[in-house]
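Following: one structure in C-alpha cells, then a few remarks.
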Amino acid sequence: MRGQIIGLAYSDRDLVEFLRQAGIDETTAEDMVAGDSAMIEWRGGQAHQYEAA
C-alpha cells in the first residue's frame with residue numbers, strides 16, 4: 001500500500017481482508033480482487049495462485 005507491502009496473502013479472502021483493513025468496504029474489495037484490479041500487484045506468481053513457489 002503506497003509502495004509498502006502490507007502482508008502476505010494465502011488466499012483471495014486474505015487479500016480482501018487487507019483491503020478492508022485499509023478502509024475499502026468489503027464489497028468493493030471483493031470486486032477488486034475478483035476483477036483483477038490494476039491496483040493489486042501480484043508478486044511471485046500468477047493472480048489467485050497461492051501455492052509455494
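How things are named: the first chain in the C-alpha cells is A, the next is B, and so on; residues count from 1 in each chain; ligands count from 1 in the order shown.
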
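For Glu41 in chain A, the list of residues within 10 Å, based on only C-alpha atoms and with local chain neighbours fewer than 5 positions off taken out, reads A:Met1, A:Ile5, A:Asp36, A:Ala47.
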
N, CA, C and O atoms of the current selection, written as a PDB file, in the first residue's frame:
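Written out: out_13.pdb:
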```pdb
ATOM      1  N   MET A   1       0.844  -1.159   0.000  1.00  0.00           N
ATOM      2  CA  MET A   1       0.000   0.000   0.000  1.00  0.00           C
ATOM      3  C   MET A   1       0.895   1.230   0.000  1.00  0.00           C
ATOM      4  O   MET A   1       1.782   1.346   0.846  1.00  0.00           O
ATOM      5  N   ILE A   5       4.668  -3.163   1.310  1.00  0.00           N
ATOM      6  CA  ILE A   5       3.988  -4.448   1.430  1.00  0.00           C
ATOM      7  C   ILE A   5       3.208  -4.428   2.739  1.00  0.00           C
ATOM      8  O   ILE A   5       3.748  -4.088   3.791  1.00  0.00           O
ATOM      9  N   ASP A  36      -9.532  -8.536 -10.773  1.00  0.00           N
ATOM     10  CA  ASP A  36      -8.106  -8.342 -11.047  1.00  0.00           C
ATOM     11  C   ASP A  36      -7.765  -6.868 -11.249  1.00  0.00           C
ATOM     12  O   ASP A  36      -7.208  -6.463 -12.265  1.00  0.00           O
ATOM     13  N   ALA A  47      -1.913 -14.336 -10.610  1.00  0.00           N
ATOM     14  CA  ALA A  47      -3.032 -13.894  -9.781  1.00  0.00           C
ATOM     15  C   ALA A  47      -3.846 -15.089  -9.305  1.00  0.00           C
ATOM     16  O   ALA A  47      -4.082 -16.033 -10.067  1.00  0.00           O
TER      17      ALA A  47
END
```

**Study point:** Contact residues around Glu30 in chain A with only C-alpha atoms at 9 Å, ignoring same-chain residues under 2 positions, as a PyMOL selection string
**Key:** chain A and resi 12-13+15-16+19+25-28+32-35

Serialized selection, N, CA, C and O atoms, as a compact mmCIF listing (two decimals), in the first residue's frame:
```
# COMPACT_ATOMS: atom_id res chain seq x y z
N ASP A 12 -7.53 -15.47 -1.63
CA ASP A 12 -8.21 -14.23 -2.01
C ASP A 12 -8.90 -13.61 -0.80
O ASP A 12 -8.97 -12.39 -0.68
N ARG A 13 -9.38 -14.44 0.11
CA ARG A 13 -10.05 -13.94 1.32
C ARG A 13 -9.07 -13.08 2.15
O ARG A 13 -9.46 -12.05 2.69
N LEU A 15 -6.58 -11.37 0.98
CA LEU A 15 -6.40 -10.13 0.24
C LEU A 15 -7.56 -9.18 0.46
O LEU A 15 -7.37 -7.98 0.68
N VAL A 16 -8.78 -9.71 0.45
CA VAL A 16 -9.96 -8.89 0.74
C VAL A 16 -9.84 -8.28 2.13
O VAL A 16 -10.13 -7.10 2.34
N LEU A 19 -7.46 -5.32 2.19
CA LEU A 19 -8.10 -4.15 1.60
C LEU A 19 -9.12 -3.55 2.56
O LEU A 19 -9.22 -2.33 2.70
N ASP A 25 -14.43 -0.78 1.62
CA ASP A 25 -15.53 -1.62 2.09
C ASP A 25 -15.43 -3.01 1.47
O ASP A 25 -14.85 -3.20 0.40
N GLU A 26 -15.97 -3.99 2.18
CA GLU A 26 -15.77 -5.38 1.80
C GLU A 26 -16.28 -5.72 0.41
O GLU A 26 -15.62 -6.43 -0.34
N THR A 27 -17.43 -5.19 0.03
CA THR A 27 -17.98 -5.48 -1.30
C THR A 27 -17.07 -4.94 -2.39
O THR A 27 -16.79 -5.63 -3.37
N THR A 28 -16.57 -3.73 -2.22
CA THR A 28 -15.65 -3.15 -3.19
C THR A 28 -14.36 -3.96 -3.24
O THR A 28 -13.83 -4.22 -4.32
N MET A 32 -12.73 -5.83 -6.39
CA MET A 32 -11.36 -5.55 -6.83
C MET A 32 -10.57 -6.84 -7.01
O MET A 32 -9.86 -7.01 -8.01
N VAL A 33 -10.67 -7.74 -6.07
CA VAL A 33 -9.93 -9.00 -6.14
C VAL A 33 -10.46 -9.86 -7.28
O VAL A 33 -9.69 -10.37 -8.09
N ALA A 34 -11.77 -10.00 -7.38
CA ALA A 34 -12.37 -10.84 -8.42
C ALA A 34 -12.12 -10.27 -9.81
O ALA A 34 -11.95 -11.02 -10.78
N GLY A 35 -12.08 -8.94 -9.90
CA GLY A 35 -11.91 -8.29 -11.20
C GLY A 35 -10.47 -8.03 -11.58
O GLY A 35 -10.19 -7.39 -12.58
```

Point to revise | All residues 10 Å or closer to Gln49 in chain A, only C-alpha atoms, same chain fewer than 6 positions away omitted, as a list in words | key: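 With the cut-off at 10 Å, the set is Tyr10, Ser11, Asp12 and Trp42 of chain A.
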
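The space separating CA of His48 in chain A from CA of Ala29 in chain A comes to 14.3 Å.
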
Point to revise | Best match for closeness to Gly3 in chain A among A:Gln46, A:Asp31, A:Met39, A:Ile24, counting only C-alpha atoms | key: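 Of A:Gln46, A:Asp31, A:Met39, A:Ile24, the one nearest Gly3 in chain A is A:Met39, counting only C-alpha atoms.
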
Check your understanding: What does the distance between CA of Gly23 in chain A and CA of Gly45 in chain A come to in Å, to one decimal place?
Key -> 26.1 Å

**Study point:** DSSP-assigned alpha helix (DSSP H) members of chain A, reported as number ranges by chain
**Key:** A: 12-21, 26-34
